[in-house]
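Participant: Structure supplied as input35.cif; contents: mmCIF, N, CA and C atoms.
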data_input
loop_
_atom_site.group_PDB
_atom_site.id
_atom_site.type_symbol
_atom_site.label_atom_id
_atom_site.label_comp_id
_atom_site.auth_asym_id
_atom_site.auth_seq_id
_atom_site.Cartn_x
_atom_site.Cartn_y
_atom_site.Cartn_z
ATOM 1 N N MET T 1 8.304 -19.083 9.063
ATOM 2 C CA MET T 1 8.565 -19.044 7.638
ATOM 3 C C MET T 1 8.005 -17.750 7.058
ATOM 4 N N PRO T 2 8.776 -17.013 6.247
ATOM 5 C CA PRO T 2 8.297 -15.744 5.697
ATOM 6 C C PRO T 2 7.162 -15.944 4.709
ATOM 7 N N SER T 3 6.343 -14.932 4.612
ATOM 8 C CA SER T 3 5.216 -14.969 3.689
ATOM 9 C C SER T 3 5.703 -14.927 2.251
ATOM 10 N N LEU T 4 5.101 -15.709 1.392
ATOM 11 C CA LEU T 4 5.481 -15.721 -0.009
ATOM 12 C C LEU T 4 4.720 -14.676 -0.811
ATOM 13 N N ASP T 5 3.694 -14.072 -0.205
ATOM 14 C CA ASP T 5 2.876 -13.102 -0.912
ATOM 15 C C ASP T 5 3.562 -11.747 -1.044
ATOM 16 N N PHE T 6 4.324 -11.354 -0.047
ATOM 17 C CA PHE T 6 4.933 -10.036 -0.030
ATOM 18 C C PHE T 6 6.438 -10.154 0.126
ATOM 19 N N LYS T 7 7.133 -9.308 -0.604
ATOM 20 C CA LYS T 7 8.583 -9.258 -0.443
ATOM 21 C C LYS T 7 8.911 -8.526 0.857
ATOM 22 N N ARG T 8 10.116 -8.713 1.327
ATOM 23 C CA ARG T 8 10.535 -8.038 2.550
ATOM 24 C C ARG T 8 10.508 -6.529 2.370
ATOM 25 N N SER T 9 10.884 -6.047 1.194
ATOM 26 C CA SER T 9 10.890 -4.601 0.952
ATOM 27 C C SER T 9 9.477 -4.020 1.045
ATOM 28 N N ASP T 10 8.455 -4.802 0.671
ATOM 29 C CA ASP T 10 7.075 -4.327 0.805
ATOM 30 C C ASP T 10 6.675 -4.212 2.272
ATOM 31 N N ARG T 11 7.070 -5.183 3.069
ATOM 32 C CA ARG T 11 6.737 -5.141 4.495
ATOM 33 C C ARG T 11 7.464 -3.994 5.193
ATOM 34 N N VAL T 12 8.736 -3.775 4.851
ATOM 35 C CA VAL T 12 9.492 -2.677 5.449
ATOM 36 C C VAL T 12 8.918 -1.334 4.998
ATOM 37 N N ALA T 13 8.492 -1.238 3.736
ATOM 38 C CA ALA T 13 7.879 -0.001 3.235
ATOM 39 C C ALA T 13 6.603 0.327 4.005
ATOM 40 N N ASP T 14 5.794 -0.682 4.298
ATOM 41 C CA ASP T 14 4.583 -0.449 5.097
ATOM 42 C C ASP T 14 4.921 0.020 6.506
ATOM 43 N N LEU T 15 5.955 -0.554 7.085
ATOM 44 C CA LEU T 15 6.385 -0.146 8.421
ATOM 45 C C LEU T 15 6.904 1.290 8.410
ATOM 46 N N ILE T 16 7.703 1.635 7.413
ATOM 47 C CA ILE T 16 8.212 3.006 7.296
ATOM 48 C C ILE T 16 7.065 3.977 7.071
ATOM 49 N N HIS T 17 6.085 3.581 6.278
ATOM 50 C CA HIS T 17 4.921 4.445 6.022
ATOM 51 C C HIS T 17 4.202 4.803 7.314
ATOM 52 N N SER T 18 3.926 3.803 8.122
ATOM 53 C CA SER T 18 3.183 4.074 9.359
ATOM 54 C C SER T 18 4.013 4.905 10.338
ATOM 55 N N GLU T 19 5.308 4.621 10.444
ATOM 56 C CA GLU T 19 6.146 5.380 11.379
ATOM 57 C C GLU T 19 6.350 6.815 10.926
ATOM 58 N N VAL T 20 6.551 7.045 9.624
ATOM 59 C CA VAL T 20 6.734 8.409 9.127
ATOM 60 C C VAL T 20 5.450 9.217 9.320
ATOM 61 N N ALA T 21 4.303 8.590 9.109
ATOM 62 C CA ALA T 21 3.030 9.286 9.337
ATOM 63 C C ALA T 21 2.889 9.692 10.803
ATOM 64 N N LYS T 22 3.290 8.805 11.720
ATOM 65 C CA LYS T 22 3.237 9.139 13.149
ATOM 66 C C LYS T 22 4.203 10.271 13.484
ATOM 67 N N ILE T 23 5.391 10.235 12.888
ATOM 68 C CA ILE T 23 6.386 11.280 13.159
ATOM 69 C C ILE T 23 5.876 12.631 12.674
ATOM 70 N N PHE T 24 5.286 12.674 11.487
ATOM 71 C CA PHE T 24 4.757 13.936 10.976
ATOM 72 C C PHE T 24 3.619 14.462 11.838
ATOM 73 N N SER T 25 2.780 13.574 12.347
ATOM 74 C CA SER T 25 1.631 14.045 13.122
ATOM 75 C C SER T 25 1.990 14.460 14.543
ATOM 76 N N SER T 26 3.050 13.870 15.121
ATOM 77 C CA SER T 26 3.308 14.164 16.532
ATOM 78 C C SER T 26 4.643 14.845 16.828
ATOM 79 N N GLU T 27 5.658 14.677 15.995
ATOM 80 C CA GLU T 27 6.982 15.167 16.359
ATOM 81 C C GLU T 27 7.471 16.344 15.521
ATOM 82 N N VAL T 28 7.019 16.456 14.291
ATOM 83 C CA VAL T 28 7.484 17.539 13.416
ATOM 84 C C VAL T 28 6.733 18.813 13.776
ATOM 85 N N ARG T 29 7.486 19.872 14.057
ATOM 86 C CA ARG T 29 6.891 21.131 14.520
ATOM 87 C C ARG T 29 6.915 22.230 13.454
ATOM 88 N N ASP T 30 7.398 21.951 12.266
ATOM 89 C CA ASP T 30 7.497 22.952 11.210
ATOM 90 C C ASP T 30 6.091 23.296 10.696
ATOM 91 N N PRO T 31 5.662 24.559 10.788
ATOM 92 C CA PRO T 31 4.300 24.912 10.356
ATOM 93 C C PRO T 31 4.085 24.737 8.860
ATOM 94 N N ARG T 32 5.141 24.739 8.071
ATOM 95 C CA ARG T 32 4.988 24.517 6.636
ATOM 96 C C ARG T 32 4.537 23.099 6.329
ATOM 97 N N LEU T 33 4.794 22.175 7.244
ATOM 98 C CA LEU T 33 4.514 20.768 7.002
ATOM 99 C C LEU T 33 3.275 20.266 7.720
ATOM 100 N N SER T 34 2.530 21.163 8.346
ATOM 101 C CA SER T 34 1.343 20.711 9.078
ATOM 102 C C SER T 34 0.255 20.301 8.093
ATOM 103 N N GLY T 35 -0.289 19.157 8.311
ATOM 104 C CA GLY T 35 -1.420 18.687 7.517
ATOM 105 C C GLY T 35 -1.066 17.926 6.261
ATOM 106 N N ILE T 36 0.215 17.633 6.014
ATOM 107 C CA ILE T 36 0.495 16.839 4.824
ATOM 108 C C ILE T 36 0.184 15.381 5.113
ATOM 109 N N THR T 37 -0.167 14.660 4.072
ATOM 110 C CA THR T 37 -0.550 13.267 4.192
ATOM 111 C C THR T 37 0.487 12.403 3.490
ATOM 112 N N ILE T 38 0.932 11.370 4.172
ATOM 113 C CA ILE T 38 1.841 10.414 3.559
ATOM 114 C C ILE T 38 0.981 9.400 2.817
ATOM 115 N N MET T 39 1.117 9.378 1.487
ATOM 116 C CA MET T 39 0.265 8.527 0.664
ATOM 117 C C MET T 39 0.799 7.098 0.572
ATOM 118 N N LYS T 40 2.092 6.973 0.247
ATOM 119 C CA LYS T 40 2.687 5.638 0.138
ATOM 120 C C LYS T 40 4.197 5.764 0.238
ATOM 121 N N VAL T 41 4.835 4.627 0.478
ATOM 122 C CA VAL T 41 6.291 4.551 0.537
ATOM 123 C C VAL T 41 6.712 3.401 -0.370
ATOM 124 N N GLU T 42 7.679 3.684 -1.236
ATOM 125 C CA GLU T 42 8.250 2.644 -2.090
ATOM 126 C C GLU T 42 9.737 2.543 -1.789
ATOM 127 N N LEU T 43 10.220 1.323 -1.689
ATOM 128 C CA LEU T 43 11.633 1.078 -1.428
ATOM 129 C C LEU T 43 12.306 0.539 -2.682
ATOM 130 N N SER T 44 13.561 0.909 -2.854
ATOM 131 C CA SER T 44 14.336 0.312 -3.930
ATOM 132 C C SER T 44 14.564 -1.162 -3.586
ATOM 133 N N PRO T 45 14.837 -1.991 -4.588
ATOM 134 C CA PRO T 45 15.007 -3.430 -4.297
ATOM 135 C C PRO T 45 16.117 -3.735 -3.290
ATOM 136 N N ASP T 46 17.173 -2.905 -3.249
ATOM 137 C CA ASP T 46 18.228 -3.133 -2.269
ATOM 138 C C ASP T 46 17.956 -2.446 -0.934
ATOM 139 N N MET T 47 16.816 -1.789 -0.808
ATOM 140 C CA MET T 47 16.340 -1.108 0.403
ATOM 141 C C MET T 47 17.299 -0.025 0.893
ATOM 142 N N LYS T 48 18.017 0.617 -0.023
ATOM 143 C CA LYS T 48 18.889 1.719 0.359
ATOM 144 C C LYS T 48 18.219 3.070 0.175
ATOM 145 N N LYS T 49 17.147 3.114 -0.612
ATOM 146 C CA LYS T 49 16.438 4.371 -0.852
ATOM 147 C C LYS T 49 14.952 4.154 -0.636
ATOM 148 N N ALA T 50 14.348 5.105 0.058
ATOM 149 C CA ALA T 50 12.905 5.091 0.270
ATOM 150 C C ALA T 50 12.313 6.321 -0.403
ATOM 151 N N PHE T 51 11.306 6.102 -1.214
ATOM 152 C CA PHE T 51 10.612 7.189 -1.886
ATOM 153 C C PHE T 51 9.283 7.378 -1.180
ATOM 154 N N ILE T 52 9.142 8.523 -0.517
ATOM 155 C CA ILE T 52 7.956 8.813 0.284
ATOM 156 C C ILE T 52 7.081 9.770 -0.508
ATOM 157 N N PHE T 53 5.900 9.308 -0.876
ATOM 158 C CA PHE T 53 4.963 10.112 -1.648
ATOM 159 C C PHE T 53 4.000 10.787 -0.678
ATOM 160 N N PHE T 54 3.851 12.103 -0.833
ATOM 161 C CA PHE T 54 3.013 12.873 0.078
ATOM 162 C C PHE T 54 2.014 13.695 -0.716
ATOM 163 N N SER T 55 1.000 14.158 -0.018
ATOM 164 C CA SER T 55 0.007 15.039 -0.618
ATOM 165 C C SER T 55 -0.263 16.178 0.354
ATOM 166 N N SER T 56 -0.317 17.373 -0.184
ATOM 167 C CA SER T 56 -0.666 18.522 0.646
ATOM 168 C C SER T 56 -2.049 19.034 0.276
ATOM 169 N N TYR T 57 -2.797 18.243 -0.468
ATOM 170 C CA TYR T 57 -4.110 18.666 -0.948
ATOM 171 C C TYR T 57 -5.077 18.960 0.193
ATOM 172 N N ASN T 58 -5.093 18.120 1.206
ATOM 173 C CA ASN T 58 -6.060 18.311 2.286
ATOM 174 C C ASN T 58 -5.507 19.098 3.465
ATOM 175 N N SER T 59 -4.301 19.656 3.335
ATOM 176 C CA SER T 59 -3.805 20.500 4.425
ATOM 177 C C SER T 59 -4.471 21.863 4.315
ATOM 178 N N PHE T 60 -4.726 22.474 5.427
ATOM 179 C CA PHE T 60 -5.469 23.730 5.447
ATOM 180 C C PHE T 60 -4.560 24.945 5.501
ATOM 181 N N ASN T 61 -3.276 24.740 5.276
ATOM 182 C CA ASN T 61 -2.381 25.885 5.216
ATOM 183 C C ASN T 61 -2.028 26.151 3.754
ATOM 184 N N ASN T 62 -1.921 27.389 3.414
ATOM 185 C CA ASN T 62 -1.624 27.778 2.040
ATOM 186 C C ASN T 62 -0.131 28.032 1.915
ATOM 187 N N VAL T 63 0.623 26.966 1.757
ATOM 188 C CA VAL T 63 2.070 27.050 1.645
ATOM 189 C C VAL T 63 2.430 26.752 0.194
ATOM 190 N N GLU T 64 3.331 27.556 -0.341
ATOM 191 C CA GLU T 64 3.766 27.317 -1.709
ATOM 192 C C GLU T 64 4.574 26.030 -1.787
ATOM 193 N N LYS T 65 4.599 25.451 -2.975
ATOM 194 C CA LYS T 65 5.267 24.166 -3.154
ATOM 195 C C LYS T 65 6.751 24.254 -2.835
ATOM 196 N N LYS T 66 7.415 25.352 -3.205
ATOM 197 C CA LYS T 66 8.861 25.458 -2.934
ATOM 198 C C LYS T 66 9.133 25.553 -1.442
ATOM 199 N N ASP T 67 8.249 26.223 -0.678
ATOM 200 C CA ASP T 67 8.419 26.283 0.775
ATOM 201 C C ASP T 67 8.191 24.912 1.402
ATOM 202 N N LEU T 68 7.223 24.190 0.871
ATOM 203 C CA LEU T 68 6.933 22.850 1.370
ATOM 204 C C LEU T 68 8.127 21.923 1.129
ATOM 205 N N LEU T 69 8.702 21.988 -0.065
ATOM 206 C CA LEU T 69 9.846 21.137 -0.379
ATOM 207 C C LEU T 69 11.084 21.517 0.429
ATOM 208 N N SER T 70 11.267 22.811 0.689
ATOM 209 C CA SER T 70 12.410 23.203 1.526
ATOM 210 C C SER T 70 12.201 22.753 2.972
ATOM 211 N N GLY T 71 10.969 22.775 3.455
ATOM 212 C CA GLY T 71 10.680 22.260 4.796
ATOM 213 C C GLY T 71 10.943 20.769 4.893
ATOM 214 N N LEU T 72 10.575 20.036 3.846
ATOM 215 C CA LEU T 72 10.838 18.596 3.836
ATOM 216 C C LEU T 72 12.335 18.301 3.788
ATOM 217 N N ALA T 73 13.078 19.113 3.054
ATOM 218 C CA ALA T 73 14.527 18.918 2.986
ATOM 219 C C ALA T 73 15.172 19.155 4.351
ATOM 220 N N LYS T 74 14.657 20.131 5.099
ATOM 221 C CA LYS T 74 15.227 20.421 6.416
ATOM 222 C C LYS T 74 14.903 19.335 7.444
ATOM 223 N N VAL T 75 13.733 18.724 7.335
ATOM 224 C CA VAL T 75 13.297 17.762 8.345
ATOM 225 C C VAL T 75 13.701 16.319 7.990
ATOM 226 N N LYS T 76 14.295 16.129 6.831
ATOM 227 C CA LYS T 76 14.653 14.786 6.356
ATOM 228 C C LYS T 76 15.588 14.060 7.318
ATOM 229 N N GLY T 77 16.607 14.722 7.823
ATOM 230 C CA GLY T 77 17.553 14.101 8.749
ATOM 231 C C GLY T 77 16.911 13.752 10.082
ATOM 232 N N PHE T 78 16.036 14.635 10.556
ATOM 233 C CA PHE T 78 15.330 14.374 11.810
ATOM 234 C C PHE T 78 14.444 13.138 11.680
ATOM 235 N N ILE T 79 13.749 13.018 10.562
ATOM 236 C CA ILE T 79 12.855 11.871 10.364
ATOM 237 C C ILE T 79 13.667 10.584 10.273
ATOM 238 N N ARG T 80 14.789 10.637 9.582
ATOM 239 C CA ARG T 80 15.620 9.440 9.446
ATOM 240 C C ARG T 80 16.172 9.003 10.799
ATOM 241 N N SER T 81 16.597 9.960 11.622
ATOM 242 C CA SER T 81 17.116 9.580 12.944
ATOM 243 C C SER T 81 15.999 9.066 13.845
ATOM 244 N N SER T 82 14.800 9.633 13.723
ATOM 245 C CA SER T 82 13.665 9.115 14.498
ATOM 246 C C SER T 82 13.297 7.711 14.062
ATOM 247 N N LEU T 83 13.377 7.457 12.761
ATOM 248 C CA LEU T 83 13.101 6.102 12.267
ATOM 249 C C LEU T 83 14.108 5.105 12.810
ATOM 250 N N SER T 84 15.359 5.514 12.914
ATOM 251 C CA SER T 84 16.385 4.590 13.403
ATOM 252 C C SER T 84 16.143 4.203 14.858
ATOM 253 N N LYS T 85 15.495 5.076 15.607
ATOM 254 C CA LYS T 85 15.184 4.767 17.005
ATOM 255 C C LYS T 85 13.955 3.873 17.127
ATOM 256 N N LYS T 86 13.060 3.910 16.127
ATOM 257 C CA LYS T 86 11.797 3.185 16.219
ATOM 258 C C LYS T 86 11.786 1.874 15.459
ATOM 259 N N ILE T 87 12.618 1.770 14.422
ATOM 260 C CA ILE T 87 12.629 0.581 13.575
ATOM 261 C C ILE T 87 13.974 -0.106 13.728
ATOM 262 N N ASN T 88 13.931 -1.408 13.897
ATOM 263 C CA ASN T 88 15.161 -2.181 14.079
ATOM 264 C C ASN T 88 15.627 -2.705 12.720
ATOM 265 N N LEU T 89 16.361 -1.854 12.003
ATOM 266 C CA LEU T 89 16.958 -2.240 10.730
ATOM 267 C C LEU T 89 18.456 -2.003 10.807
ATOM 268 N N ARG T 90 19.207 -2.768 10.051
ATOM 269 C CA ARG T 90 20.658 -2.579 10.029
ATOM 270 C C ARG T 90 20.998 -1.212 9.458
ATOM 271 N N ARG T 91 20.298 -0.811 8.412
ATOM 272 C CA ARG T 91 20.563 0.473 7.770
ATOM 273 C C ARG T 91 19.240 1.125 7.418
ATOM 274 N N ILE T 92 19.029 2.344 7.882
ATOM 275 C CA ILE T 92 17.819 3.092 7.558
ATOM 276 C C ILE T 92 18.002 3.669 6.148
ATOM 277 N N PRO T 93 17.015 3.494 5.276
ATOM 278 C CA PRO T 93 17.178 3.967 3.897
ATOM 279 C C PRO T 93 17.250 5.488 3.793
ATOM 280 N N GLU T 94 17.878 5.955 2.722
ATOM 281 C CA GLU T 94 17.913 7.377 2.413
ATOM 282 C C GLU T 94 16.502 7.796 2.010
ATOM 283 N N LEU T 95 16.036 8.917 2.546
ATOM 284 C CA LEU T 95 14.658 9.357 2.303
ATOM 285 C C LEU T 95 14.598 10.344 1.149
ATOM 286 N N ASN T 96 13.669 10.117 0.234
ATOM 287 C CA ASN T 96 13.414 11.011 -0.884
ATOM 288 C C ASN T 96 11.917 11.298 -0.914
ATOM 289 N N PHE T 97 11.556 12.583 -0.861
ATOM 290 C CA PHE T 97 10.153 12.967 -0.858
ATOM 291 C C PHE T 97 9.712 13.338 -2.264
ATOM 292 N N LYS T 98 8.533 12.831 -2.651
ATOM 293 C CA LYS T 98 7.941 13.151 -3.952
ATOM 294 C C LYS T 98 6.469 13.461 -3.735
ATOM 295 N N GLU T 99 5.992 14.446 -4.472
ATOM 296 C CA GLU T 99 4.583 14.815 -4.329
ATOM 297 C C GLU T 99 3.709 13.893 -5.160
ATOM 298 N N GLU T 100 2.679 13.377 -4.546
ATOM 299 C CA GLU T 100 1.709 12.533 -5.222
ATOM 300 C C GLU T 100 0.680 13.443 -5.882
ATOM 301 N N ILE T 101 0.476 13.262 -7.159
ATOM 302 C CA ILE T 101 -0.489 14.073 -7.888
ATOM 303 C C ILE T 101 -1.849 13.404 -7.792
ATOM 304 N N ILE T 102 -2.820 14.139 -7.286
ATOM 305 C CA ILE T 102 -4.161 13.603 -7.090
ATOM 306 C C ILE T 102 -5.085 14.263 -8.104
ATOM 307 N N ASP T 103 -5.790 13.463 -8.857
ATOM 308 C CA ASP T 103 -6.767 14.000 -9.795
ATOM 309 C C ASP T 103 -8.110 14.118 -9.094
ATOM 310 N N ILE T 104 -8.601 15.331 -9.023
ATOM 311 C CA ILE T 104 -9.875 15.590 -8.380
ATOM 312 C C ILE T 104 -10.907 15.860 -9.474
ATOM 313 N N LEU T 105 -11.932 15.043 -9.494
ATOM 314 C CA LEU T 105 -13.008 15.247 -10.465
ATOM 315 C C LEU T 105 -14.041 16.167 -9.853
ATOM 316 N N GLU T 106 -14.301 17.247 -10.548
ATOM 317 C CA GLU T 106 -15.282 18.194 -10.014
ATOM 318 C C GLU T 106 -16.475 18.292 -10.913
#
Mind turning this structure into structure tokens?
Facilitator:
Amino acid sequence: MPSLDFKRSDRVADLIHSEVAKIFSSEVRDPRLSGITIMKVELSPDMKKAFIFFSSYNSFNNVEKKDLLSGLAKVKGFIRSSLSKKINLRRIPELNFKEEIIDILE
């Protein structure tokens, strides 16, 4: 019996989060994307779109935001195809990357 505490989209979002983090750490070779952190993944209610929030705050490379976003746009198809091999879903959601804004108190 499925859990009543979490919706299916929440469980799938957690699974996508962990797999995308693994893909970025081990399979993505683009130097612009080294060291980014996947903060969270949110799925639309129909699970056709995944919004992946990332942070480049703790990465040690000084890449401009536009270069980072162009690198993410280039690797989007590769990540989606890797997800399809690792996750057993009927349809892998469309990936949309958004930067998570972190407030640092100094």
Participant: For Lys76 (chain T), which residue out of T:Val63, T:Leu95, T:Leu89, T:Ile36 is the nearest one, using all atoms listed in the file?
Facilitator: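 Smallest distance to Lys76 (chain T) is found for T:Leu95.
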Participant: So how many Å separate CA of Arg90 (chain T) and CA of Leu43 (chain T), to one decimal?
Facilitator: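 Atom-to-atom, CA of Arg90 (chain T) to CA of Leu43 (chain T), that is 15.0 Å.
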Participant: So that I can check the secondary structure, give me every residue of chain T assigned strand (DSSP E) by backbone DSSP, as a ChimeraX atom specification.
Facilitator: /T:37-43,49-55,94-99
Participant: What's the separation between CA of Ile92 (chain T) and atom C of Leu69 (chain T), in Å to one decimal place?
Facilitator: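 Distance reported for this atom pair: 20.9 Å.
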Participant: State, in Å with one decimal place, the distance from atom C of Val28 (chain T) to atom C of Ser44 (chain T).
Facilitator: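 These two atoms are separated by 27.6 Å.
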Participant: From the list T:Asp67, T:Glu100, T:Glu42, T:Glu94, which residue is nearest Ser55 (chain T) when using all atoms listed in the file?
Facilitator: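 Residue with the minimum atom-to-atom distance to Ser55 (chain T): T:Glu100.
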Participant: Counting only N, CA and C atoms, what is within 8 Å of region 70-74 of chain T, bar same-chain residues fewer than 3 positions away, as a PyMOL selection string?
Facilitator: chain T and resi 30+32-33+64-67+77-79+97
